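A.B. asks: Before I ask anything, here is the structure I am working with.
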Amino acid sequence: MTLPMCEPLVYEFGRAGRGARGQWPAPESNPPAVPAALRRARRAPLPEVSELDVVRHYTRLSQLNFSIDTHFYPLGSCTMKYNPRACNAAALLPEFLGRHPLASARHSQGFLECMYELQEMLKEVTGMRGVALTPMAGAHGEFAGVAMIRAYHRARGDLARNEIIVPTAAHGTNPATATMCGCVAREVGVGPDGDVDLAALAAAVGPKTAGIMLTNPSTLGIFERRITEVARIVHAAGGLLYYDGANLNAILGKVRPGDMEFDVLHMNLHKTFSTPHGGGGPGAGAVGVGPRLLPFMPLPVVAKSGAGEAARYRWQGEQDLPQSIGRLTGFNGNAGVLLRAYVYMRMLGREGMSRVGEYATLNSNYLLARLQQAGFVAAYPQRRASHEFILTLKALAQQQGVTAMDVAKRLLDLGFHAPTTYFPLLVPECLLIEPTETESKETLDAFVAAMAQILREAATEPDTVRGAPHTMPVRRLDDVRAARELDLAYRPPAP
Amino acid sequence: MTLPMCEPLVYEFGRAGRGARGQWPAPESNPPAVPAALRRARRAPLPEVSELDVVRHYTRLSQLNFSIDTHFYPLGSCTMKYNPRACNAAALLPEFLGRHPLASARHSQGFLECMYELQEMLKEVTGMRGVALTPMAGAHGEFAGVAMIRAYHRARGDLARNEIIVPTAAHGTNPATATMCGCVAREVGVGPDGDVDLAALAAAVGPKTAGIMLTNPSTLGIFERRITEVARIVHAAGGLLYYDGANLNAILGKVRPGDMEFDVLHMNLHKTFSTPHGGGGPGAGAVGVGPRLLPFMPLPVVAKSGAGEAARYRWQGEQDLPQSIGRLTGFNGNAGVLLRAYVYMRMLGREGMSRVGEYATLNSNYLLARLQQAGFVAAYPQRRASHEFILTLKALAQQQGVTAMDVAKRLLDLGFHAPTTYFPLLVPECLLIEPTETESKETLDAFVAAMAQILREAATEPDTVRGAPHTMPVRRLDDVRAARELDLAYRPPAP
Amino acid sequence: MPFIPHTEADVTEMLAAIGASDIEALFEEIPVELRVRSLAGIPAGLNEQQVMQLMYARARMDGRPLNFIGAGAYEHHIPAAVWAIVSRGEFYSAYTPYQAEASQGTLQTIYEYQSMITALTGAEVANASVYDGATAVAEACLMAVRANRKSTAGRVLLPRTLNPHYRAVAQASTGGQGLKLEEIPYVRERGQTELEALAPYAGQDVTALVIQQPNFFGVLEDVDALTDWAHARGALVIATVNPTSLALLKPPGLWGQRGADIVVGDGQPLGCPLSSGGPYFGFMATRMEFVRQMPGRIVGRTVDLDGRPGFTLTLQAREQHIRRGKATSNICTNQGLLMIAGTIYLAMMGAEGLERVASACMARTSELVAALARLPGVRTAFSGTRFHEAVLLIDRPVAPVLEALAARGIEGGFDLAECYPELGPALLVCATEARSAADIATYAAALGEVLQSAPAARKQA
Amino acid sequence: MPFIPHTEADVTEMLAAIGASDIEALFEEIPVELRVRSLAGIPAGLNEQQVMQLMYARARMDGRPLNFIGAGAYEHHIPAAVWAIVSRGEFYSAYTPYQAEASQGTLQTIYEYQSMITALTGAEVANASVYDGATAVAEACLMAVRANRKSTAGRVLLPRTLNPHYRAVAQASTGGQGLKLEEIPYVRERGQTELEALAPYAGQDVTALVIQQPNFFGVLEDVDALTDWAHARGALVIATVNPTSLALLKPPGLWGQRGADIVVGDGQPLGCPLSSGGPYFGFMATRMEFVRQMPGRIVGRTVDLDGRPGFTLTLQAREQHIRRGKATSNICTNQGLLMIAGTIYLAMMGAEGLERVASACMARTSELVAALARLPGVRTAFSGTRFHEAVLLIDRPVAPVLEALAARGIEGGFDLAECYPELGPALLVCATEARSAADIATYAAALGEVLQSAPAARKQA
Ligand SMILES: Cc1ncc(COP(=O)(O)O)c(C=O)c1O
Ligand SMILES: Cc1ncc(COP(=O)(O)O)c(C=O)c1O
C-alpha cells in the first residue's frame, strides 16, 4: 500500500494579495478604532492562499495518514475501533452545534437530557454512584480522580497521605497525574505472572498512602486476578482505589469497577465508547465515584428534577456540591464528544455492551493464538489475553538484530498500522497488540500473514525489515536531528 | 504522485451471515405476506459485509481517484473548476434534503423562490426570454431544445424541416440529440481559421433546415467571429439557432447568446456554475429560449405571483403551457444540483460573473503562450484562445512515435490529470486544454514544467512516455480485452 | 474575487507572457456590438456567510413536515456513512472516468454497482445509470425498438397503472422517433392491469410491453401472466420496478417463462435523499444479448500491461462521443455520484437488510391504511396486495383536505384528481420504515380532525 | 450485532484456534463472584435510524435561538470547507501520530498550525494544543513556576478581569502543587485591571502575572504597562488572548519592552462551532528558551534517511509517556482534530480575512451596545475601548429578563450576578460578524418589550 508523496507547506501556495475572499466579511466602511498603543502594527505572516489551494492542500495532506477508516490499526492500549458515522451525524445536528454552552435552560433540555442519561448509563456499566462528564481526556479524568482522593483525605483531616501507588506497568499518565496533584508516585512491581506483587504492595502501603492507581485488565493485557485482595490491602491501609478505565472495553458487561471495590475511575470514552481519536484528540475522560467520593465530584454535573413530561435538567454548581474539587474546564467538557459517546451507547444498548468485551477478547485471544503458531512469543503465555496482549521480540532482536521498531515499520509497508511499541516499559522489545471487536477474522488473518512474512524476511533479508518503511511518503525520520536542530515553525523569507 | 494499490471487490469482504446490522430495521414480528407467485425465492447475491468494511473499502477506493479536490484537471470542454463547499452545505440543509418533490405549496416557498431566482438570473446572463430548469444534463437540455425547435416548426405547419446542421467540431451529443429528436444531423465544415465555412453553410441550409447547433466559443477553443452572419443565413432559411452552452463560462458577462440571436440554448450548470461532476454526474442542463420558443418550454417552470411579502411561487403545468413539449423528468429535475448552482451564482454576483469569463480566458491564453514557448504547437496559432485551446502533437507522433495519449498518461505520473484527448475529432493528435479561472499561476507554471519534461523525455527516453503511467494503481489497461471478453458484473462462486 | 486566486502581480506577469495589454484585449475577437453592457438583473455577490444565512432562511420557510407522500420518491433511512463517503472530494469532485488509470475508485465502484443491480433485478448486465426512473422508461422504449428486430411497428404498450409522470416523459422523449405509445386500462376493483385489455393487440405487431411492479397504486401486478403474454406475441417486456421491493418480490429476470428483457427503475430509494426531486438515478439492466443496444456507460473488468486486474469504460462504441448521430442515446453526463450512494447503501444493507426494509415498508403501510380507513368518509380503493403505497377514496375533494393537513405539519399524500379523475376523490398514501407507529397515529388523528371540521362536499359511490 | 462482523462460523473457527470451548471461557480468570449479573439500567439497543430520530427530537427541543452570548465562546462564520475536510476519515479517525511515516498528514498540519499560532501571537514556539483556554491558563501557571527559576514563591497574580471560569480552573488545577493564586481588582469606571492594585506586590516574589486581552468584560487592558511592571519585578507574563482579536491587537510577543513570556487562549473562535461548550482547543506558545518547560506535543521538521523533509513529534522527553512522574504535565490526548480545524480556518482567512472578522466584531458590538443602551433602564458599565463584548447595567435583576428574552427566541447574554455581584444587575453581551443589523434590531426590540412589560424591581445607582 503506497501512500502519495510529500506535499509543500501551505505557505508555499501563498502570494501577497491572494486569499479566500469568499470567506471574508465585507470591509467595514467605518471601522472602530483601536488605540494606537494597543494596535497591531504589521499583519501576521499567515498564508495568503485561495480557497481551492486550501481544500486541495489539506485533502492531499489527509491522504498521507493511516486511519481507522483506511487501515487496520492494532494499537494496544489505544482501542482503535470503528467510529460509527451516526455518532458524528447526531453531534453535528445544527441545534447542538449552534448551542452556546451558557444558553438558557429553555434552550438546553434536549442536550442536558442526553448528558443526564449518559451519566446514568456510565454509572450502570461501572457500578459507581456518581459520574461527572467534564474531564476532557483520560489524563484529565485521572487528575480529577486523584484530586478527589486528596480532597477526601483532607476533608477527614488526614493531611499526610500523599503517596499514590502505581504498578510498574502503569501508563505514563498515572505517575504524571500523581505529580500534578502534588502527590508522589510510588511504584510496585508485578510478579512473573503479571499480577501485582502482593507482598510488595503490602509493604508499600501505610499512613502516607493516598491510594493506588490500577488498570484492570492491566496494560500487560491480563486480568488482575487477586483484585479483591489488592482492594483489601489498600483499603485496610486507609488508601483509596483508582481504576484507570482506559481499558474498560475489555470488561464491559463482564465485571464492574464498582463491584471490584474501586472508589473512583475515569473512562476514556474515546476508546471504550468509540469516539474518534482525531489524530490526537479530542477525548473525554468522564469520572465515576463510589459513595466516599460523591461530595467531591468536579463541577458541573447534570441533575434531573421531576419525571416524565415534567422532567427538567440543569447543571449543578458550587451551591449543590460545596465540597467539590472545583471546575476543570472552561465550560462543560467536550460536549460534542460526549454526545457521540451517548449515541454509541444507545446503539449498543444493554446487549451490545457485553458483546464489546466478548468480541474484543475473542479477537485478541485468536490473534495471539495465531501469532504464536506463526512463531511469535507471548510475554505472558500462561495467561488468558484480555482485549490486548503483548509479544516480546527479544529473541529476534538478539539473534537477527531486528527490533520491535523494525517490525512495526515494516508492517506499515504491508498495509497495517503498527502495534504499540516499547510499552509497557517492563517487557523488552514488546509489541502491545489490540485488535478490537470491530475487525473481522479475515483482517486478523491478513495481519498474521504479514507478521509471518516479516518473520521470514528477518531471517532471509533482514535489511528489508531494518530499512522499513519503504513505501511511505517518507522513510525513517531523523528524530535526533529533530530534537537537536529545533525547527518548530515556518518562518517566511523576509520580503 | 503515487496512488495506493488496488483494492479487492466489496464482495470479497463478505461472509454469509455478516452484515451492517445497525443499519437494518428490526425484523417485523408479523410480516405482511406476498403471494407465493410474486415472491422472491432466493435472496439476491449482495455483499454481506460489516459497516467498517463498507466504510474502509469505499474510503480506500475513493483514494484511487484523481479529482479537483486533489489535482489540477485541465480537461477541455469539461470545466473542472473548484466546487465551493458552501454550495454543497446549502443543498444539504435538512429542510431541502427532506423535502418531497410533491410537497404542498405551504412547504415549498423557500425552495421555489430559489428556483425562480435561478431562472431569472439565467435569463439575465443569457439574454433569453424564458428558462426551464428541469433537464438533467447538457445532452438532456439539448434534447429539450431541439424538441422545441421541432415543435415550433410543426406548430407552423412546417413539417418538412428535419435537418439539424452541426459543425464538424461539434460535441457528440449534438448529432446524437438530433437523431433522438427524429432529425438528421448534417455536418458543415470549418475553415482553416476554425470559423464555420460560411459558403458551405449557405449551401447547406434550405427548406429542410430545422436549425443549427453551435457552441461559441466552439470546441476548437475560439470565438466564432461571424456569428451574426451565421445567424442571418440560418434565420433567412427559416431555421432556428441552438446554442450549446456547455462553454458558457467562456463568455459569461462578455456576450450573451440572446444578443447573438440564438433562439434556444442549454447551459451545463455543472460546468459554468461549478456544481461537481461527481465522477460522471449529476448535472443540470437548464434551457433558455427566445420569444419564438417561449410557448414550447418543457414542464414544469416556476412562476411567481404577487410581490414582496405577498409573493407566491408555484410550478406551472400543462394548463399554463399547453403547447409545451411536455415533461422530461419524473419530478422537477436535479433539484439539489440546481440549488448548488443557485448558491454559486449568488456568491459570484453581478461582478463575479464577468470575472469568471475574464480569468478563465486569461489562464487559458497564458497557458497557451507558455506551452508554445516550451515547444508545443497550437492548432489555431493565429487565433485568440478562449477559455480553452487545442494543441496538436502530430509532429511528435510522426517524429518520435509519442502520441497525445502517451503524453496524457505521462501527465498522470507527474501529478496532473490529462487534458481531453482526441476531441474535437478534426484536429489530429490533439489535446484540448481548459485550465479554468480557479487555478493559480503557480499551478499553471507547474503544469508547463511537466509538459516540458515530457517533451524532453519524448526525445531522450520515449519509452518512459509510451509506457506511462508508471505510478498509478494500474498500468495501461487492455481495452480490447475489456470489450471482447465482457466482464461486466461479479458473479459470486456457487456455494 | 471569490474563487479566483490571481493577484495583481500575477495578472501583470501573465498578460506580459501573452503579450496582451489587458484582460479586455483577450476578447478582441468578439464583435463590439455584441458585448454585454450590463448585468443589472443579477444581484451583487454575497460572501459565504451571507449566502448561508439566506439559505438557512429559505430552508426554514419550507419546514420539516411529516411526510406520507410516495408517488415515485420514497423517504428511507440513509446510513450516515453513505453521504460521509460520497461527499469525499475524490468522489464528489472527480470527472467521468475517461482516464481509467487515475479513476479506478469510480470505475471499481461502478463495476460493483453493476454487479449489485444485476443481482437485485436478475438481469445480466446493467449500465452506470441514466437520469431517473422516468427517463429510464423512455430509454427502455427506444432501446426495445432497436432490440426487437422482429417488430417494425414501434408500438409500446403502457399500462395506465404506470406512474403517470413516467408515461408523460416517455411520450415527450420518444415522440420525435415516431414511437406509438398506447395505454392499457386497469381493473377497477383491484387496481391491476387488465390482461383482457390486451386482447385487441393479440394479432398485432407490438414492440414492447411495459410492466410496473408494484404499480403506481402500490398494487402488485400479475407479472408472470403479462410477461408471458408479451413474449408469446413477440413483444419485449420492459419491467419498471422499485428496487427496495425487489428484496421481497420476484426479480424481473424471473418473470414468466423467460423473464423481462429490460429492467429499469428509479434508484432513489437506495440511499438518495428526497431532496425536492433530485438528483436521483435511473437504473437500467438487460440481457447480455441486448447489451449493445443499451444506452449509457458500462464498466468492464480487464487487465493492465502487467496482467493485474483493473476497470475501464467499455463498449463505448454505443455512445455519442464515439458514434455521434448513430449512438444508442445522446446521454453523456449521468447520475454517477448518486449511483455511488446507491452502491454504498446496498453494501450496507445487503439482501437481508433490504428485505427488512421492504417488510417494514409493507407493514407500516398496512397499519397506515388500517388506521386511515377506519375514519368515516375514508375507504380503500383496491383489494389487491400492496407494497408500500395505497389509494384511499375520500368522501370529498382531496386538495383542501391535503391543505388542511399541511397546515398541521403533515404532507398527507398525492392527490390523484388530475391523473386519475375516474377514481373520484382519491389519495395515494405511503409509509416506509421511516414512519413510526406514532407518526401514523398523528396522521390518523389529524385527518380525523380535518374530515370532521369541514363537511363532505358530495358523497362518492 | 452492530459493529461486530463475526459470523457464527467465524466464532467457531476462532474458538477452535484458541482452544476454548466458548467465549465465556475467555473470561475464566475473572473471579466468578465479581461477574456482572445484569445491566438492567441500560436501555435496549437502537438501530441507527432509531437513534437518529431520538437525536432529532432532542435537538428540536433546544431550538436555534438568536445568540448574543460570548463569555468565552464566540459564534463565528465557519467556512463549509473546514469541517468537510476535518471530517475526512483520514483526519477524523487517525490516532496520535506516533508512527511518523504513516502520519505525515497530521504531523505537517500540526507544524503548519504551530507556524500560524506563533505568527499570530508573536511567540517563538507553540505546542499542538491543550484542552481549552481555561486549562491553558492553568498549565501556563504551572509552567511559569518551572520556567521562572528566580522565583520560589509559586505566586501567580490573576486579575479579576480574567474569565472567572478560567480563574476557577486555574485554582482547581494548581492547588495540588501549592501554587498561590491571588486576585487583582479592576478600576470600576473603566473595567480595566488597576496598575495601582499591583503596588503591594512591588517588593515581593511574584512568579507570574496573567493578563487577559481583551479582558472578560470585552475591555482592552493596558498590556504594555502591566507587562513592564511584571518584568521589572522578575515575574513572567502570561498573556491570555482571543485569537480573533490578534488580527487587530498588538501580539503578546510585542507587549511592553520584552513581550509576554507565555501566550495562551482558547482556539474556539478559529473554526470550532459553539457545540454546547466543546470540543474546542487551548493554544499555548512561548519563547524558545522555555520550550522544554512547555507541556503538550510539539512537532518538528526534520529529514528522513534519504534527506527528504518530513515531520515528527519531538522533545518527547517532556511528556508523560517518557518522563512519567517528572513530565511537564500529564496531558496525553489533546484536542488535535480541533487544532486541524483551526489551521484550515486560519489558512482560509489569512491575516486580512481575520482582520475583517475582527473589525466586523468590533463594529457589530458597538452597534449592539448603542441600540441597547438607548433603551430606558439600560446603560453601559465601562468607558474603555471594547472588542466584541460589553457589560450593560440593567435597572432590575437580569435573570428574569434573560428568561423573557429566551421565550422570544433570543439568548440575550451572560448574567454577571454570580461572578461580579459588585456590579449590581449586569449583563455581558456579545455580537460577532455572525450577527446582522437585523439581528441587533430584533434584540433591541425584544429587550425594549421585556423591560416595558415588567416593572423594574429596584433602581440602581
Ligand atoms: C492505560 C491508559 N491510561 C491512561 C491513558 C490516558 O488517556 P488520555 O490519552 O485520554 O489522556 C491512556 C491512553 O493514552 C491509557 O492507555
Ligand atoms: C460542448 C459540449 N456540449 C454538450 C455536452 C454534453 O453535456 P452533458 O455531459 O451534461 O450531457 C458537453 C459535455 O460533456 C460538452 O462539452
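Chains: A, B, ... in order of the C-alpha cells. Residues: from 1 per chain. Ligands: from 1, in order shown.
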Provide as a count of residues only the residues of chain B at most 7 Å from chain D, counting only C-alpha atoms.
C.D. replies: 14
A.B. asks: List the neighbours of Ala147 in chain C out to 12 Å using only C-alpha atoms; skip same-chain residues closer than 4 positions along the sequence, and give me the result as a compact mmCIF listing (two decimals) with N, CA, C and O atoms, in the first residue's frame.
C.D. replies:
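Result file is selection-v3.txt:
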# COMPACT_ATOMS: atom_id res chain seq x y z
N GLU C 139 -35.93 5.61 -22.24
CA GLU C 139 -34.79 5.00 -22.92
C GLU C 139 -35.06 3.52 -23.21
O GLU C 139 -34.64 2.99 -24.24
N ALA C 140 -35.75 2.88 -22.29
CA ALA C 140 -36.05 1.45 -22.48
C ALA C 140 -36.97 1.27 -23.68
O ALA C 140 -36.82 0.31 -24.45
N CYS C 141 -37.92 2.17 -23.85
CA CYS C 141 -38.83 2.07 -25.01
C CYS C 141 -38.02 2.19 -26.30
O CYS C 141 -38.19 1.39 -27.24
N LEU C 142 -37.13 3.19 -26.34
CA LEU C 142 -36.31 3.38 -27.55
C LEU C 142 -35.40 2.18 -27.76
O LEU C 142 -35.20 1.72 -28.89
N MET C 143 -34.86 1.67 -26.67
CA MET C 143 -33.96 0.52 -26.78
C MET C 143 -34.72 -0.70 -27.28
O MET C 143 -34.20 -1.49 -28.09
N SER C 151 -39.91 -6.71 -34.70
CA SER C 151 -41.02 -5.75 -34.71
C SER C 151 -40.64 -4.51 -35.51
O SER C 151 -39.51 -4.01 -35.41
N THR C 152 -41.57 -4.02 -36.27
CA THR C 152 -41.30 -2.79 -37.03
C THR C 152 -42.29 -1.69 -36.65
O THR C 152 -42.18 -0.56 -37.13
N GLY C 154 -42.88 -0.11 -33.82
CA GLY C 154 -42.55 0.94 -32.86
C GLY C 154 -43.70 1.20 -31.91
O GLY C 154 -43.92 2.32 -31.47
N THR C 207 -44.17 -3.96 -30.11
CA THR C 207 -42.72 -3.98 -29.89
C THR C 207 -42.38 -4.32 -28.44
O THR C 207 -41.47 -5.10 -28.18
N ALA C 208 -43.12 -3.73 -27.53
CA ALA C 208 -42.80 -3.99 -26.13
C ALA C 208 -44.00 -3.66 -25.25
O ALA C 208 -44.85 -2.85 -25.62
N GLY C 234 -44.21 -11.94 -29.38
CA GLY C 234 -43.01 -11.35 -29.97
C GLY C 234 -42.67 -9.98 -29.41
O GLY C 234 -41.79 -9.29 -29.94
N ALA C 235 -43.34 -9.59 -28.37
CA ALA C 235 -43.04 -8.28 -27.77
C ALA C 235 -42.00 -8.46 -26.67
O ALA C 235 -41.95 -9.51 -26.02
N LEU C 236 -41.19 -7.46 -26.50
CA LEU C 236 -40.26 -7.48 -25.37
C LEU C 236 -40.99 -6.97 -24.12
O LEU C 236 -41.98 -6.25 -24.22
N VAL C 237 -40.45 -7.33 -22.97
CA VAL C 237 -41.03 -6.86 -21.71
C VAL C 237 -40.06 -5.91 -21.04
O VAL C 237 -38.89 -6.23 -20.85
N ILE C 238 -40.57 -4.72 -20.76
CA ILE C 238 -39.80 -3.72 -20.00
C ILE C 238 -40.37 -3.69 -18.59
O ILE C 238 -41.52 -3.31 -18.40
N ASP C 261 -37.09 -8.44 -20.38
CA ASP C 261 -35.94 -8.22 -21.26
C ASP C 261 -35.13 -7.00 -20.87
O ASP C 261 -33.91 -6.96 -21.03
N ILE C 262 -35.83 -6.00 -20.41
CA ILE C 262 -35.16 -4.78 -19.97
C ILE C 262 -35.75 -4.44 -18.61
O ILE C 262 -36.97 -4.53 -18.42
N THR C 286 -30.28 -5.40 -18.55
CA THR C 286 -30.86 -6.17 -19.65
C THR C 286 -30.14 -7.51 -19.79
O THR C 286 -29.29 -7.87 -18.98
N ARG C 287 -30.53 -8.23 -20.82
CA ARG C 287 -29.85 -9.48 -21.15
C ARG C 287 -28.53 -9.16 -21.85
O ARG C 287 -28.43 -8.17 -22.56
N MET C 288 -27.58 -10.05 -21.72
CA MET C 288 -26.29 -9.86 -22.39
C MET C 288 -26.49 -9.67 -23.90
O MET C 288 -25.80 -8.87 -24.52
N GLU C 289 -27.44 -10.38 -24.47
CA GLU C 289 -27.62 -10.28 -25.94
C GLU C 289 -28.01 -8.87 -26.38
O GLU C 289 -27.80 -8.51 -27.54
N PHE C 290 -28.57 -8.10 -25.48
CA PHE C 290 -29.01 -6.75 -25.86
C PHE C 290 -28.02 -5.66 -25.43
O PHE C 290 -28.31 -4.47 -25.55
N VAL C 291 -26.88 -6.07 -24.88
CA VAL C 291 -26.01 -5.07 -24.25
C VAL C 291 -25.62 -3.95 -25.22
O VAL C 291 -25.49 -2.79 -24.82
N ARG C 292 -25.46 -4.30 -26.48
CA ARG C 292 -25.02 -3.27 -27.43
C ARG C 292 -26.15 -2.30 -27.80
O ARG C 292 -25.90 -1.29 -28.46
N GLN C 293 -27.35 -2.63 -27.42
CA GLN C 293 -28.47 -1.72 -27.66
C GLN C 293 -28.73 -0.82 -26.46
O GLN C 293 -29.53 0.11 -26.54
N MET C 294 -28.07 -1.12 -25.36
CA MET C 294 -28.33 -0.35 -24.13
C MET C 294 -27.59 0.98 -24.19
O MET C 294 -26.43 1.03 -24.57
N PRO C 295 -28.25 2.06 -23.83
CA PRO C 295 -27.55 3.34 -23.77
C PRO C 295 -26.73 3.45 -22.47
O PRO C 295 -26.85 2.60 -21.59
N THR C 328 -26.61 5.03 -29.30
CA THR C 328 -27.84 4.47 -28.74
C THR C 328 -28.67 5.54 -28.04
O THR C 328 -29.86 5.35 -27.80
A.B. asks: Using only C-alpha atoms and all ligand atoms, what are the residues with an atom within 7 Å of ligand 1, set out as an MDAnalysis selection string?
C.D. replies: (chainID A and resid 77:78 137:140 170:171 173:174 215 219 244:247 268 283:285) or (chainID D and resid 331:333)
A.B. asks: Tell me, in Å to one decimal, how far CA of Leu93 in chain B is from CA of Asn65 in chain B.
C.D. replies: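 If I compute the distance from CA of Leu93 in chain B to CA of Asn65 in chain B, I get 27.4 Å.
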A.B. asks: Assign secondary structure with DSSP using the backbone only, and return the residues of range 10-199 of chain A in alpha helix (DSSP H) as an MDAnalysis selection string.
C.D. replies: chainID A and resid 51:62 85:91 94:97 109:126 138:155 173:180 198:199
A.B. asks: Within range 132-371 of chain C, find each residue whose DSSP state, derived from the backbone, is strand (DSSP E), and express the selection as a ChimeraX atom specification.
C.D. replies: /C:155-159,180-184,186-187,192-193,208-213,236-241,262-266,282-286,298-303,309-314
A.B. asks: Would you compute the distance between CA of Gly189 in chain A and CA of Ala169 in chain A? Give it in Å to one decimal.
C.D. replies: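 A separation of 7.9 Å between them.
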A.B. asks: Got a sec: who's within 7 Å of Phe389 in chain B, counting only C-alpha atoms, leaving out chain neighbours fewer than 2 positions off, as a PDB file with all heavy atoms, in the first residue's frame?
C.D. replies:
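Written output follows (selection.pdb):
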ATOM      1  N   LEU B 220     -13.274  24.247 -30.617  1.00  0.00           N
ATOM      2  CA  LEU B 220     -11.888  24.494 -31.034  1.00  0.00           C
ATOM      3  C   LEU B 220     -11.233  25.535 -30.126  1.00  0.00           C
ATOM      4  O   LEU B 220     -10.073  25.893 -30.314  1.00  0.00           O
ATOM      5  CB  LEU B 220     -11.858  24.966 -32.496  1.00  0.00           C
ATOM      6  CG  LEU B 220     -12.477  23.977 -33.494  1.00  0.00           C
ATOM      7  CD1 LEU B 220     -12.515  24.574 -34.887  1.00  0.00           C
ATOM      8  CD2 LEU B 220     -11.695  22.665 -33.503  1.00  0.00           C
ATOM      9  N   GLY B 221     -11.998  26.019 -29.170  1.00  0.00           N
ATOM     10  CA  GLY B 221     -11.428  26.977 -28.224  1.00  0.00           C
ATOM     11  C   GLY B 221     -11.302  28.373 -28.795  1.00  0.00           C
ATOM     12  O   GLY B 221     -10.474  29.164 -28.325  1.00  0.00           O
ATOM     13  N   SER B 364      -6.209  30.596 -19.772  1.00  0.00           N
ATOM     14  CA  SER B 364      -6.088  29.800 -20.985  1.00  0.00           C
ATOM     15  C   SER B 364      -5.052  30.403 -21.919  1.00  0.00           C
ATOM     16  O   SER B 364      -4.158  29.700 -22.428  1.00  0.00           O
ATOM     17  CB  SER B 364      -7.472  29.744 -21.638  1.00  0.00           C
ATOM     18  OG  SER B 364      -7.401  29.193 -22.917  1.00  0.00           O
ATOM     19  N   ALA B 385      -7.066  32.417 -27.907  1.00  0.00           N
ATOM     20  CA  ALA B 385      -7.716  31.305 -27.222  1.00  0.00           C
ATOM     21  C   ALA B 385      -8.888  31.840 -26.410  1.00  0.00           C
ATOM     22  O   ALA B 385      -8.852  32.974 -25.933  1.00  0.00           O
ATOM     23  CB  ALA B 385      -6.735  30.600 -26.294  1.00  0.00           C
ATOM     24  N   SER B 386      -9.901  31.049 -26.308  1.00  0.00           N
ATOM     25  CA  SER B 386     -10.978  31.417 -25.377  1.00  0.00           C
ATOM     26  C   SER B 386     -10.623  30.828 -24.015  1.00  0.00           C
ATOM     27  O   SER B 386      -9.491  30.952 -23.566  1.00  0.00           O
ATOM     28  CB  SER B 386     -12.317  30.926 -25.904  1.00  0.00           C
ATOM     29  OG  SER B 386     -12.328  29.519 -25.934  1.00  0.00           O
ATOM     30  N   LEU B 391      -3.856  21.936 -28.539  1.00  0.00           N
ATOM     31  CA  LEU B 391      -2.505  21.650 -29.037  1.00  0.00           C
ATOM     32  C   LEU B 391      -2.606  20.466 -29.978  1.00  0.00           C
ATOM     33  O   LEU B 391      -3.407  19.550 -29.742  1.00  0.00           O
ATOM     34  CB  LEU B 391      -1.579  21.268 -27.886  1.00  0.00           C
ATOM     35  CG  LEU B 391      -1.316  22.295 -26.800  1.00  0.00           C
ATOM     36  CD1 LEU B 391      -0.321  21.715 -25.785  1.00  0.00           C
ATOM     37  CD2 LEU B 391      -0.792  23.602 -27.387  1.00  0.00           C
ATOM     38  N   LEU B 432      -7.039  19.009 -25.784  1.00  0.00           N
ATOM     39  CA  LEU B 432      -7.911  20.163 -25.572  1.00  0.00           C
ATOM     40  C   LEU B 432      -7.766  20.552 -24.104  1.00  0.00           C
ATOM     41  O   LEU B 432      -8.108  19.773 -23.210  1.00  0.00           O
ATOM     42  CB  LEU B 432      -9.358  19.786 -25.910  1.00  0.00           C
ATOM     43  CG  LEU B 432     -10.433  20.847 -25.696  1.00  0.00           C
ATOM     44  CD1 LEU B 432     -10.137  22.119 -26.487  1.00  0.00           C
ATOM     45  CD2 LEU B 432     -11.801  20.289 -26.098  1.00  0.00           C
ATOM     46  N   ILE B 433      -7.227  21.725 -23.865  1.00  0.00           N
ATOM     47  CA  ILE B 433      -6.783  22.103 -22.519  1.00  0.00           C
ATOM     48  C   ILE B 433      -7.596  23.270 -21.980  1.00  0.00           C
ATOM     49  O   ILE B 433      -7.678  24.321 -22.616  1.00  0.00           O
ATOM     50  CB  ILE B 433      -5.287  22.480 -22.549  1.00  0.00           C
ATOM     51  CG1 ILE B 433      -4.463  21.277 -23.018  1.00  0.00           C
ATOM     52  CG2 ILE B 433      -4.828  22.979 -21.183  1.00  0.00           C
ATOM     53  CD1 ILE B 433      -2.972  21.540 -23.077  1.00  0.00           C
ATOM     54  N   GLU B 434      -8.193  23.078 -20.816  1.00  0.00           N
ATOM     55  CA  GLU B 434      -9.000  24.131 -20.193  1.00  0.00           C
ATOM     56  C   GLU B 434      -8.577  24.274 -18.738  1.00  0.00           C
ATOM     57  O   GLU B 434      -8.911  23.431 -17.907  1.00  0.00           O
ATOM     58  CB  GLU B 434     -10.486  23.751 -20.262  1.00  0.00           C
ATOM     59  CG  GLU B 434     -11.372  24.781 -19.569  1.00  0.00           C
ATOM     60  CD  GLU B 434     -12.858  24.436 -19.646  1.00  0.00           C
ATOM     61  OE1 GLU B 434     -13.212  23.335 -20.087  1.00  0.00           O
ATOM     62  OE2 GLU B 434     -13.657  25.298 -19.251  1.00  0.00           O
TER      63      GLU B 434
END
A.B. asks: Please report as a PyMOL selection string which residues of chain B come no farther than 10 Å from chain A, using only C-alpha atoms.
C.D. replies: chain B and resi 1-7+12-15+18+22-23+49-61+63+67-72+81-86+93-94+347-348+415+438-440+442-443+471+473
A.B. asks: I'd like to know which of D:Gln99, D:Ser359, D:Ser436, D:Gln452 is closest to chain C, using only C-alpha atoms.
C.D. replies: D:Ser436
A.B. asks: So that I can see what lies close to Ala438 in chain D, please list as a PyMOL selection string the residues with an atom at most 12 Å from it, counting only C-alpha atoms and leaving out residues fewer than 4 positions away in the same chain.
C.D. replies: chain D and resi 66+364+367-368+371+434+442-445
A.B. asks: Counting only C-alpha atoms, what is within 12 Å of Gly122 in chain D, bar same-chain residues fewer than 5 positions away, as a VMD selection string?
C.D. replies: (chain A and resid 40 to 46 489 491) or (chain D and resid 114 to 117 239 241 243 246 to 247 249 to 255 258 to 264 284 to 288)
A.B. asks: Might you pull out every residue within 10 Å of Ala160 in chain A, with only C-alpha atoms counted and same-chain residues fewer than 3 positions away left off, and present them as a list in words?
C.D. replies: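 Once the adjacent positions are removed, what remains is Arg150, His153, Arg154, Gly157, Glu163, Pro207, Lys208, Thr209 and Ala210 of chain A.
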A.B. asks: Nearest to chain C among D:Gly353, D:Gly178, D:Leu26, D:Glu389, with distances taken over only C-alpha atoms: which residue is it?
C.D. replies: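 Among the listed residues, the smallest separation from chain C belongs to D:Gly353.
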A.B. asks: Neighbouring residues of Leu240 in chain B were defined as those with any atom within 10 Å, considering only C-alpha atoms; residues of the same chain fewer than 5 positions away were excluded. Please report them as JSON, numbers by chain.
C.D. replies: {"B": [146, 149, 150, 152, 153, 164, 209, 210, 211, 212, 213, 231, 234, 235, 261, 262, 263, 264, 292, 293]}
